[in-house]
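**Student:** Here you go, this is entry_13.cif (mmCIF, C-alpha atoms).
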data_input
loop_
_atom_site.label_atom_id
_atom_site.label_comp_id
_atom_site.auth_asym_id
_atom_site.auth_seq_id
_atom_site.Cartn_x
_atom_site.Cartn_y
_atom_site.Cartn_z
CA ALA A 19 102.21 7.86 -53.51
CA GLN A 20 99.73 10.64 -52.98
CA LYS A 21 98.61 12.62 -55.95
CA VAL A 22 95.82 14.92 -57.10
CA THR A 23 95.01 15.31 -60.77
CA GLN A 24 92.88 18.06 -62.22
CA ALA A 25 92.91 17.17 -65.89
CA GLN A 26 91.07 20.29 -67.02
CA THR A 27 93.55 23.13 -67.27
CA GLU A 28 91.09 25.75 -68.46
CA ILE A 29 87.32 25.85 -68.88
CA SER A 30 85.34 28.63 -70.46
CA VAL A 31 81.56 28.88 -70.14
CA VAL A 32 78.89 31.47 -70.67
CA GLU A 33 77.07 32.86 -67.68
CA LYS A 34 74.19 30.70 -66.40
CA GLU A 35 75.71 27.51 -67.76
CA ASP A 36 76.44 24.67 -65.35
CA VAL A 37 80.06 23.57 -65.12
CA THR A 38 81.79 20.62 -63.48
CA LEU A 39 85.40 20.65 -62.37
CA ASP A 40 87.01 17.23 -62.16
CA CYS A 41 89.36 16.00 -59.44
CA VAL A 42 90.93 12.55 -59.22
CA TYR A 43 93.11 11.58 -56.28
CA GLU A 44 95.49 8.77 -55.36
CA THR A 45 96.31 7.54 -51.88
CA ARG A 46 96.85 4.24 -50.13
CA ASP A 47 95.52 5.49 -46.83
CA THR A 48 92.00 4.55 -45.77
CA THR A 49 91.56 7.77 -43.83
CA TYR A 50 92.01 10.96 -45.78
CA TYR A 51 90.46 14.35 -46.40
CA LEU A 52 89.66 16.18 -49.60
CA PHE A 53 89.37 19.92 -50.05
CA TRP A 54 88.45 22.49 -52.65
CA TYR A 55 89.88 25.99 -52.68
CA LYS A 56 89.11 28.98 -54.89
CA GLN A 57 91.75 31.49 -56.02
CA PRO A 58 90.09 34.56 -57.56
CA PRO A 59 92.07 37.03 -59.70
CA SER A 60 92.96 38.98 -56.55
CA GLY A 61 95.17 36.04 -55.58
CA GLU A 62 94.01 34.88 -52.17
CA LEU A 63 93.09 31.23 -51.53
CA VAL A 64 89.59 30.71 -50.20
CA PHE A 65 88.52 27.47 -48.53
CA LEU A 66 85.30 26.02 -49.98
CA ILE A 67 84.76 22.53 -48.59
CA ARG A 68 86.30 19.59 -46.74
CA ARG A 69 85.17 15.94 -46.96
CA ASN A 70 86.54 12.95 -45.11
CA SER A 71 86.96 9.51 -46.64
CA PHE A 72 84.18 7.97 -44.59
CA ASP A 73 81.48 10.32 -45.75
CA GLU A 74 80.44 9.84 -49.36
CA GLN A 75 77.32 11.93 -49.11
CA ASN A 76 77.10 14.56 -51.76
CA GLU A 77 76.96 18.11 -50.51
CA ILE A 78 75.19 21.17 -51.81
CA SER A 79 75.81 24.74 -50.78
CA GLY A 80 73.81 27.23 -52.79
CA ARG A 81 74.94 26.98 -56.40
CA TYR A 82 77.87 24.75 -55.43
CA SER A 83 77.71 20.98 -55.15
CA TRP A 84 80.28 18.26 -54.67
CA ASN A 85 80.20 14.63 -55.75
CA PHE A 86 82.54 12.30 -53.85
CA GLN A 87 82.93 8.78 -55.25
CA LYS A 88 85.49 6.49 -53.63
CA SER A 89 84.95 3.84 -56.31
CA THR A 90 86.47 6.15 -58.90
CA SER A 91 88.67 8.17 -56.50
CA SER A 92 86.98 11.34 -57.62
CA PHE A 93 85.75 14.47 -55.88
CA ASN A 94 84.10 16.62 -58.52
CA PHE A 95 82.79 20.13 -58.07
CA THR A 96 79.78 21.51 -59.92
CA ILE A 97 78.72 25.12 -60.17
CA THR A 98 75.11 25.55 -61.22
CA ALA A 99 74.02 28.65 -63.13
CA SER A 100 77.55 30.04 -63.23
CA GLN A 101 78.19 33.74 -62.73
CA VAL A 102 81.03 36.01 -63.80
CA VAL A 103 82.15 36.22 -60.16
CA ASP A 104 82.84 32.49 -60.27
CA SER A 105 85.78 33.16 -62.57
CA ALA A 106 88.84 31.92 -60.69
CA VAL A 107 91.35 29.12 -60.39
CA TYR A 108 89.95 26.18 -58.43
CA PHE A 109 92.21 23.78 -56.59
CA CYS A 110 91.44 20.31 -55.32
CA ALA A 111 93.66 19.08 -52.47
CA LEU A 112 94.29 15.87 -50.53
CA LYS A 113 95.44 15.31 -46.96
CA SER A 114 96.15 11.75 -45.91
CA GLY A 115 98.18 9.90 -43.34
CA ASN A 116 99.54 11.36 -40.14
CA THR A 117 100.79 14.53 -41.71
CA GLY A 118 99.27 17.97 -41.97
CA LYS A 119 100.58 18.27 -45.51
CA LEU A 120 98.11 19.21 -48.25
CA ILE A 121 98.78 17.91 -51.74
CA PHE A 122 97.30 20.28 -54.32
CA GLY A 123 96.26 19.58 -57.87
CA GLN A 124 97.50 21.88 -60.61
CA GLY A 125 94.25 23.82 -60.60
CA THR A 126 91.53 24.49 -63.15
CA THR A 127 91.08 28.01 -64.47
CA LEU A 128 87.40 28.76 -64.92
CA GLN A 129 86.36 31.69 -67.03
CA VAL A 130 82.70 32.67 -66.99
CA LYS A 131 81.80 35.06 -69.78
CA PRO A 132 78.82 37.41 -69.58
CA ASP B 2 87.74 37.98 -36.99
CA ALA B 3 91.18 38.69 -38.37
CA GLY B 4 92.48 36.17 -40.85
CA VAL B 5 96.06 35.15 -41.48
CA ILE B 6 98.16 38.26 -41.93
CA GLN B 7 101.22 38.28 -44.14
CA SER B 8 103.73 41.02 -44.77
CA PRO B 9 104.95 42.45 -46.97
CA ARG B 10 102.37 42.00 -49.78
CA HIS B 11 105.00 42.67 -52.40
CA GLU B 12 108.78 42.52 -52.26
CA VAL B 13 111.21 43.35 -55.02
CA THR B 14 114.89 42.95 -54.29
CA GLU B 15 118.15 42.18 -55.97
CA MET B 16 119.80 38.82 -56.17
CA GLY B 17 121.97 38.08 -53.17
CA GLN B 18 119.92 40.11 -50.71
CA GLU B 19 118.30 38.63 -47.64
CA VAL B 20 114.52 38.40 -47.74
CA THR B 21 112.28 37.96 -44.71
CA LEU B 22 108.61 37.13 -45.03
CA ARG B 23 106.33 37.42 -42.02
CA CYS B 24 103.15 35.72 -40.95
CA LYS B 25 100.67 36.10 -38.12
CA PRO B 26 98.34 33.09 -37.90
CA ILE B 27 94.74 33.17 -36.76
CA SER B 28 94.59 33.29 -32.98
CA GLY B 29 94.04 29.82 -31.50
CA HIS B 30 95.35 27.97 -34.53
CA ASP B 31 98.02 25.43 -33.57
CA TYR B 32 99.25 24.68 -37.06
CA LEU B 33 101.11 27.03 -39.36
CA PHE B 34 102.11 26.29 -42.95
CA TRP B 35 104.33 27.98 -45.51
CA TYR B 36 103.60 27.36 -49.22
CA ARG B 37 105.14 28.58 -52.42
CA GLN B 38 103.19 29.03 -55.65
CA THR B 39 104.83 29.15 -59.08
CA MET B 40 103.55 28.56 -62.59
CA MET B 41 105.91 25.64 -63.07
CA ARG B 42 105.42 23.79 -59.78
CA GLY B 43 102.02 24.98 -58.61
CA LEU B 44 101.35 25.11 -54.88
CA GLU B 45 103.92 23.28 -52.81
CA LEU B 46 104.34 22.99 -49.07
CA LEU B 47 107.67 24.24 -47.79
CA ILE B 48 107.36 23.63 -44.04
CA TYR B 49 104.78 23.38 -41.32
CA PHE B 50 104.74 23.88 -37.55
CA ASN B 51 102.62 22.44 -34.79
CA ASN B 52 102.64 24.35 -31.50
CA ASN B 53 105.61 26.37 -32.75
CA VAL B 54 107.69 23.24 -33.47
CA PRO B 55 108.73 22.45 -37.06
CA ILE B 56 107.18 19.11 -38.04
CA ASP B 57 107.98 18.66 -41.71
CA ASP B 58 110.54 20.76 -43.55
CA SER B 59 111.10 18.34 -46.41
CA GLY B 60 109.75 20.88 -48.88
CA MET B 61 112.32 23.54 -48.08
CA PRO B 62 114.27 23.75 -51.33
CA GLU B 63 117.76 24.24 -49.93
CA ASP B 64 119.82 25.65 -47.09
CA ARG B 65 119.22 29.17 -48.26
CA PHE B 66 115.69 28.85 -46.89
CA SER B 67 114.93 28.88 -43.18
CA ALA B 68 111.76 29.28 -41.14
CA LYS B 69 111.12 30.04 -37.51
CA MET B 70 108.17 30.30 -35.21
CA PRO B 71 109.33 31.97 -31.99
CA ASN B 72 105.80 32.14 -30.55
CA ALA B 73 102.23 31.17 -31.35
CA SER B 74 101.46 34.42 -33.11
CA PHE B 75 104.43 34.93 -35.39
CA SER B 76 106.49 33.11 -37.98
CA THR B 77 109.16 34.10 -40.48
CA LEU B 78 110.44 32.59 -43.69
CA LYS B 79 113.90 33.78 -44.61
CA ILE B 80 115.84 33.43 -47.85
CA GLN B 81 119.56 34.21 -47.73
CA PRO B 82 121.01 34.76 -50.25
CA SER B 83 118.08 35.19 -52.61
CA GLU B 84 118.18 34.09 -56.26
CA PRO B 85 115.94 34.93 -59.24
CA ARG B 86 114.47 31.41 -59.18
CA ASP B 87 113.03 32.15 -55.74
CA SER B 88 110.56 34.55 -57.36
CA ALA B 89 107.09 33.28 -56.49
CA VAL B 90 104.06 33.96 -54.36
CA TYR B 91 104.59 32.74 -50.81
CA PHE B 92 101.53 31.88 -48.76
CA CYS B 93 101.17 31.34 -45.06
CA ALA B 94 98.23 29.32 -43.74
CA SER B 95 97.00 28.22 -40.34
CA SER B 96 94.55 25.66 -38.98
CA THR B 97 93.18 24.31 -35.71
CA GLY B 98 94.26 20.76 -36.49
CA ALA B 99 96.11 18.58 -38.98
CA ASN B 100 92.86 17.50 -40.63
CA GLN B 101 91.10 20.83 -40.44
CA PRO B 102 90.81 23.37 -43.27
CA GLN B 103 93.82 25.57 -43.72
CA HIS B 104 93.09 29.28 -43.92
CA PHE B 105 95.44 31.22 -46.12
CA GLY B 106 96.83 34.72 -45.96
CA ASP B 107 96.84 36.99 -48.99
CA GLY B 108 100.37 35.95 -49.90
CA THR B 109 103.63 37.76 -50.53
CA ARG B 110 104.56 38.28 -54.15
CA LEU B 111 108.36 38.08 -54.24
CA SER B 112 110.45 39.18 -57.19
CA ILE B 113 114.21 38.67 -57.18
CA LEU B 114 115.96 40.66 -59.89
#
Would you encode the structure as structure tokens?

**Tutor:**
Amino acid sequence: AQKVTQAQTEISVVEKEDVTLDCVYETRDTTYYLFWYKQPPSGELVFLIRRNSFDEQNEISGRYSWNFQKSTSSFNFTITASQVVDSAVYFCALKSGNTGKLIFGQGTTLQVKP
Amino acid sequence: DAGVIQSPRHEVTEMGQEVTLRCKPISGHDYLFWYRQTMMRGLELLIYFNNNVPIDDSGMPEDRFSAKMPNASFSTLKIQPSEPRDSAVYFCASSTGANQPQHFGDGTRLSIL
């Protein structure tokens, strides 16, 4: 079975703190893709990153970084020096097998207070 | 570049009425997806198309739901008759390939009274 678990329902931090959002996935496929999306209060879903199962290199984009570890089936997302504009719901998603279907986690609501 | 365009943004209607949601994917994208988002069930895929052909409709909740894609630039999701439990935000997304990022529209917030 394919599954994505985001155990943290809500996280609250103060601006400038670093915060890590956890994502654990399950799949039996050897080829798969992992994604992170951001849903700000305005409601749209914004694509952040895609990783494939053969590339375990960590990635950094500005204040955002992602840590992919196949050994623990995790794809965690860290925001460094958080800002109020980072407040949103963040979704981790999995695509595996020969389907275009994305399996989403339940999302983590991040609140960054000034 | 224009993103995925959905209409209407909001729809409020009475139980039993027919509801039609519309989506225009990003030009050149071969895949189109319909999702539903609720507090209870989160984001769930309803159906997706590749080159206008439905590929997986296993997420469509029941026969009251139907989706069509008559051409590469337009898709509809229809609910007939609508019920209060259909109230949700419905998203359309498109992508250039099955493994590529899906780009989402702004969603349609549907309320069935």

**Student:** Quick one: apply the PyMOL selection byres ((chain A) within 6 of (chain B)) to the file and drop the selected residues here as a short mmCIF file (atom, residue, chain, number, x, y, z; two decimals) with C-alpha atoms, in the coordinates of the input.

**Tutor:**
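For reference, result05.cif as written:
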data_model
loop_
_atom_site.label_atom_id
_atom_site.label_comp_id
_atom_site.auth_asym_id
_atom_site.auth_seq_id
_atom_site.Cartn_x
_atom_site.Cartn_y
_atom_site.Cartn_z
CA GLU A 62 94.01 34.88 -52.17
CA LEU A 63 93.09 31.23 -51.53
CA GLY A 118 99.27 17.97 -41.97
CA GLN A 124 97.50 21.88 -60.61
#

**Student:** I need the residue nearest Pro55 of chain B from this list: B:Pro82, B:Gly29, B:Pro71, B:Pro9. Use all atoms listed in the file for the distance.

**Tutor:**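 Ranking B:Pro82, B:Gly29, B:Pro71, B:Pro9 by distance to Pro55 of chain B, first place goes to B:Pro71.
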
**Student:** So, with all atoms listed in the file as the atoms that count, which of A:Val22, A:Val32, A:Ile97, A:Val130 lies closest to Ala111 of chain A?

**Tutor:**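 Under the stated criterion, the closest residue is A:Val22.
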
**Student:** Starting from the PyMOL selection byres ((chain A and resi 99) around 8), expand the selection into actual residues of this file and give them as a list in words.

**Tutor:** Glu33, Lys34, Glu35, Asp36, Arg81, Ile97, Thr98, Ser100 and Gln101 of chain A

**Student:** Could you give me, as a PyMOL selection string, the residues within 9 Å of Lys25 of chain B, counting all atoms listed in the file and dropping anything in the same chain fewer than 5 positions from it?

**Tutor:** chain B and resi 4-8+73-76+93+95+106

**Student:** Go ahead and write the selection's residues with C-alpha atoms as a PDB file, in the frame of the given file.

**Tutor:**
ATOM      1  CA  GLY B   4      92.480  36.170 -40.850  1.00  0.00           C
ATOM      2  CA  VAL B   5      96.060  35.150 -41.480  1.00  0.00           C
ATOM      3  CA  ILE B   6      98.160  38.260 -41.930  1.00  0.00           C
ATOM      4  CA  GLN B   7     101.220  38.280 -44.140  1.00  0.00           C
ATOM      5  CA  SER B   8     103.730  41.020 -44.770  1.00  0.00           C
ATOM      6  CA  ALA B  73     102.230  31.170 -31.350  1.00  0.00           C
ATOM      7  CA  SER B  74     101.460  34.420 -33.110  1.00  0.00           C
ATOM      8  CA  PHE B  75     104.430  34.930 -35.390  1.00  0.00           C
ATOM      9  CA  SER B  76     106.490  33.110 -37.980  1.00  0.00           C
ATOM     10  CA  CYS B  93     101.170  31.340 -45.060  1.00  0.00           C
ATOM     11  CA  SER B  95      97.000  28.220 -40.340  1.00  0.00           C
ATOM     12  CA  GLY B 106      96.830  34.720 -45.960  1.00  0.00           C
TER      13      GLY B 106
END

**Student:** Find the residues with any atom within 7 Å of (90.7, 17.8, -58.2); use all atoms listed in the file and the coordinates as given in the file, and write the answer as a list of chain:residue names.

**Tutor:**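 Returned residue set, sorted by chain then number, is A:Val22, A:Thr23, A:Gln24, A:Asp40, A:Cys41, A:Val42, A:Tyr43, A:Phe93, A:Asn94, A:Phe109, A:Cys110, A:Ala111, A:Gly123.
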
**Student:** Please return, as a PyMOL selection string, all polymer residues that have at least one atom within 10 Å of the point (116.8, 26.5, -45.2); use all atoms listed in the file and the file's own coordinate frame.

**Tutor:** chain B and resi 47-48+58+60-68+78-81

**Student:** Could you work out how far atom CA of Arg68 of chain A lies from atom CA of Ser28 of chain B, giving the answer in Å with one decimal?

**Tutor:**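 If I compute the distance from atom CA of Ser28 of chain B to atom CA of Arg68 of chain A, I get 21.1 Å.
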
**Student:** Enumerate, as a PDB file with C-alpha atoms, in the frame of the given file, the residues matched when the PyMOL selection byres ((chain A and resi 108) around 9) is run on the file above.

**Tutor:**
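Below you can see out12.pdb, which holds the result:
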ATOM      1  CA  LEU A  39      85.400  20.650 -62.370  1.00  0.00           C
ATOM      2  CA  TRP A  54      88.450  22.490 -52.650  1.00  0.00           C
ATOM      3  CA  TYR A  55      89.880  25.990 -52.680  1.00  0.00           C
ATOM      4  CA  LYS A  56      89.110  28.980 -54.890  1.00  0.00           C
ATOM      5  CA  GLN A  57      91.750  31.490 -56.020  1.00  0.00           C
ATOM      6  CA  PRO A  58      90.090  34.560 -57.560  1.00  0.00           C
ATOM      7  CA  ALA A 106      88.840  31.920 -60.690  1.00  0.00           C
ATOM      8  CA  VAL A 107      91.350  29.120 -60.390  1.00  0.00           C
ATOM      9  CA  PHE A 109      92.210  23.780 -56.590  1.00  0.00           C
ATOM     10  CA  CYS A 110      91.440  20.310 -55.320  1.00  0.00           C
ATOM     11  CA  GLN A 124      97.500  21.880 -60.610  1.00  0.00           C
ATOM     12  CA  GLY A 125      94.250  23.820 -60.600  1.00  0.00           C
ATOM     13  CA  THR A 126      91.530  24.490 -63.150  1.00  0.00           C
ATOM     14  CA  THR A 127      91.080  28.010 -64.470  1.00  0.00           C
ATOM     15  CA  LEU A 128      87.400  28.760 -64.920  1.00  0.00           C
TER      16      LEU A 128
END

**Student:** Using only C-alpha atoms, can you tell me which of A:Ala25, A:Ile121, A:Ile78, A:Val37 comes closest to Ser92 of chain A?

**Tutor:**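 Closest candidate: A:Ala25.
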
**Student:** Could you give me, as JSON, numbers by chain, the residues within 10 Å of Asp47 of chain A, counting all atoms listed in the file and dropping anything in the same chain fewer than 4 positions from it?

**Tutor:** {"A": [19, 20, 71, 113, 114, 115, 116]}

**Student:** Between atom CA of Leu66 of chain A and atom CA of Ser79 of chain A, what is the spacing in Å?

**Tutor:**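 About the pair atom CA of Ser79 of chain A and atom CA of Leu66 of chain A: they are 9.6 Å apart.
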
**Student:** Between atom CA of Leu120 of chain A and atom CA of Phe72 of chain A, what is the distance in Å, rounded to a tenth?

**Tutor:**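 We find that atom CA of Leu120 of chain A and atom CA of Phe72 of chain A lie 18.3 Å from each other.
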
**Student:** Check the smallest atom-to-atom distance from each of A:Tyr51, A:Glu44, A:Val103, A:Glu77 to Ser89 of chain A using all atoms listed in the file, then report the winner.

**Tutor:** A:Glu44

**Student:** Using all atoms of segment 44-53 of chain B that appear in the file, construct an axis-aligned enclosing box with 4 Å of padding on every side and provide its centre coordinates and edge lengths in Å, rounded to one decimal, as lines of an AutoDock Vina configuration file.

**Tutor:**
center_x = 104.5
center_y = 24.4
center_z = -43.2
size_x = 14.3
size_y = 11.9
size_z = 31.4

**Student:** With only C-alpha atoms as the basis for distance, which of B:Ser112, B:Ser59, B:Glu84, B:Met70 is at the shortest distance from Met16 of chain B?

**Tutor:**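 So, comparing all the options, the nearest one is B:Glu84.
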
**Student:** May I ask which of the residues A:Gly80, A:Gln129, A:Phe122, A:Pro59 is the closest one to Gln38 of chain B, counting only C-alpha atoms?

**Tutor:** A:Phe122

**Student:** Could you model N, CA, C and O atoms for segment 10-30 of chain B and present them as an mmCIF file, in the coordinates of the input?

**Tutor:**
data_model
loop_
_atom_site.group_PDB
_atom_site.id
_atom_site.type_symbol
_atom_site.label_atom_id
_atom_site.label_comp_id
_atom_site.auth_asym_id
_atom_site.auth_seq_id
_atom_site.Cartn_x
_atom_site.Cartn_y
_atom_site.Cartn_z
ATOM 1 N N ARG B 10 103.212 42.562 -48.696
ATOM 2 C CA ARG B 10 102.370 42.000 -49.780
ATOM 3 C C ARG B 10 103.196 41.815 -51.036
ATOM 4 O O ARG B 10 102.974 40.884 -51.802
ATOM 5 N N HIS B 11 104.120 42.731 -51.234
ATOM 6 C CA HIS B 11 105.000 42.670 -52.400
ATOM 7 C C HIS B 11 106.418 42.967 -51.935
ATOM 8 O O HIS B 11 106.627 43.799 -51.057
ATOM 9 N N GLU B 12 107.379 42.275 -52.575
ATOM 10 C CA GLU B 12 108.780 42.520 -52.260
ATOM 11 C C GLU B 12 109.565 42.366 -53.556
ATOM 12 O O GLU B 12 109.467 41.327 -54.222
ATOM 13 N N VAL B 13 110.315 43.412 -53.869
ATOM 14 C CA VAL B 13 111.210 43.350 -55.020
ATOM 15 C C VAL B 13 112.604 43.644 -54.505
ATOM 16 O O VAL B 13 112.831 44.670 -53.866
ATOM 17 N N THR B 14 113.529 42.750 -54.781
ATOM 18 C CA THR B 14 114.890 42.950 -54.290
ATOM 19 C C THR B 14 115.871 42.340 -55.267
ATOM 20 O O THR B 14 115.501 41.606 -56.184
ATOM 21 N N GLU B 15 117.114 42.657 -55.067
ATOM 22 C CA GLU B 15 118.150 42.180 -55.970
ATOM 23 C C GLU B 15 118.730 40.848 -55.495
ATOM 24 O O GLU B 15 118.780 40.564 -54.289
ATOM 25 N N MET B 16 119.166 40.093 -56.454
ATOM 26 C CA MET B 16 119.800 38.820 -56.170
ATOM 27 C C MET B 16 120.904 38.989 -55.128
ATOM 28 O O MET B 16 121.672 39.958 -55.171
ATOM 29 N N GLY B 17 120.943 38.053 -54.192
ATOM 30 C CA GLY B 17 121.970 38.080 -53.170
ATOM 31 C C GLY B 17 121.520 38.711 -51.860
ATOM 32 O O GLY B 17 122.165 38.509 -50.818
ATOM 33 N N GLN B 18 120.419 39.449 -51.916
ATOM 34 C CA GLN B 18 119.920 40.110 -50.710
ATOM 35 C C GLN B 18 119.154 39.111 -49.839
ATOM 36 O O GLN B 18 118.629 38.106 -50.320
ATOM 37 N N GLU B 19 119.098 39.429 -48.558
ATOM 38 C CA GLU B 19 118.300 38.630 -47.640
ATOM 39 C C GLU B 19 116.853 39.090 -47.696
ATOM 40 O O GLU B 19 116.567 40.285 -47.737
ATOM 41 N N VAL B 20 115.948 38.109 -47.706
ATOM 42 C CA VAL B 20 114.520 38.400 -47.740
ATOM 43 C C VAL B 20 113.852 37.758 -46.530
ATOM 44 O O VAL B 20 114.123 36.589 -46.221
ATOM 45 N N THR B 21 113.019 38.508 -45.853
ATOM 46 C CA THR B 21 112.280 37.960 -44.710
ATOM 47 C C THR B 21 110.789 38.187 -44.913
ATOM 48 O O THR B 21 110.339 39.320 -45.067
ATOM 49 N N LEU B 22 110.055 37.088 -44.915
ATOM 50 C CA LEU B 22 108.610 37.130 -45.030
ATOM 51 C C LEU B 22 108.006 36.838 -43.663
ATOM 52 O O LEU B 22 108.505 35.981 -42.932
ATOM 53 N N ARG B 23 106.913 37.516 -43.358
ATOM 54 C CA ARG B 23 106.330 37.420 -42.020
ATOM 55 C C ARG B 23 104.886 36.939 -42.063
ATOM 56 O O ARG B 23 104.169 37.194 -43.031
ATOM 57 N N CYS B 24 104.497 36.271 -40.997
ATOM 58 C CA CYS B 24 103.150 35.720 -40.950
ATOM 59 C C CYS B 24 102.623 35.735 -39.518
ATOM 60 O O CYS B 24 103.309 35.330 -38.577
ATOM 61 N N LYS B 25 101.381 36.184 -39.394
ATOM 62 C CA LYS B 25 100.670 36.100 -38.120
ATOM 63 C C LYS B 25 99.473 35.185 -38.332
ATOM 64 O O LYS B 25 98.558 35.516 -39.088
ATOM 65 N N PRO B 26 99.451 34.023 -37.687
ATOM 66 C CA PRO B 26 98.340 33.090 -37.900
ATOM 67 C C PRO B 26 97.078 33.563 -37.187
ATOM 68 O O PRO B 26 97.120 34.490 -36.382
ATOM 69 N N ILE B 27 95.995 32.885 -37.464
ATOM 70 C CA ILE B 27 94.740 33.170 -36.760
ATOM 71 C C ILE B 27 94.900 32.735 -35.299
ATOM 72 O O ILE B 27 95.428 31.646 -35.025
ATOM 73 N N SER B 28 94.458 33.582 -34.402
ATOM 74 C CA SER B 28 94.590 33.290 -32.980
ATOM 75 C C SER B 28 93.899 31.963 -32.637
ATOM 76 O O SER B 28 92.764 31.713 -33.055
ATOM 77 N N GLY B 29 94.607 31.106 -31.894
ATOM 78 C CA GLY B 29 94.040 29.820 -31.500
ATOM 79 C C GLY B 29 94.364 28.686 -32.456
ATOM 80 O O GLY B 29 94.072 27.528 -32.167
ATOM 81 N N HIS B 30 94.950 29.006 -33.589
ATOM 82 C CA HIS B 30 95.350 27.970 -34.530
ATOM 83 C C HIS B 30 96.712 27.411 -34.149
ATOM 84 O O HIS B 30 97.671 28.162 -33.986
#
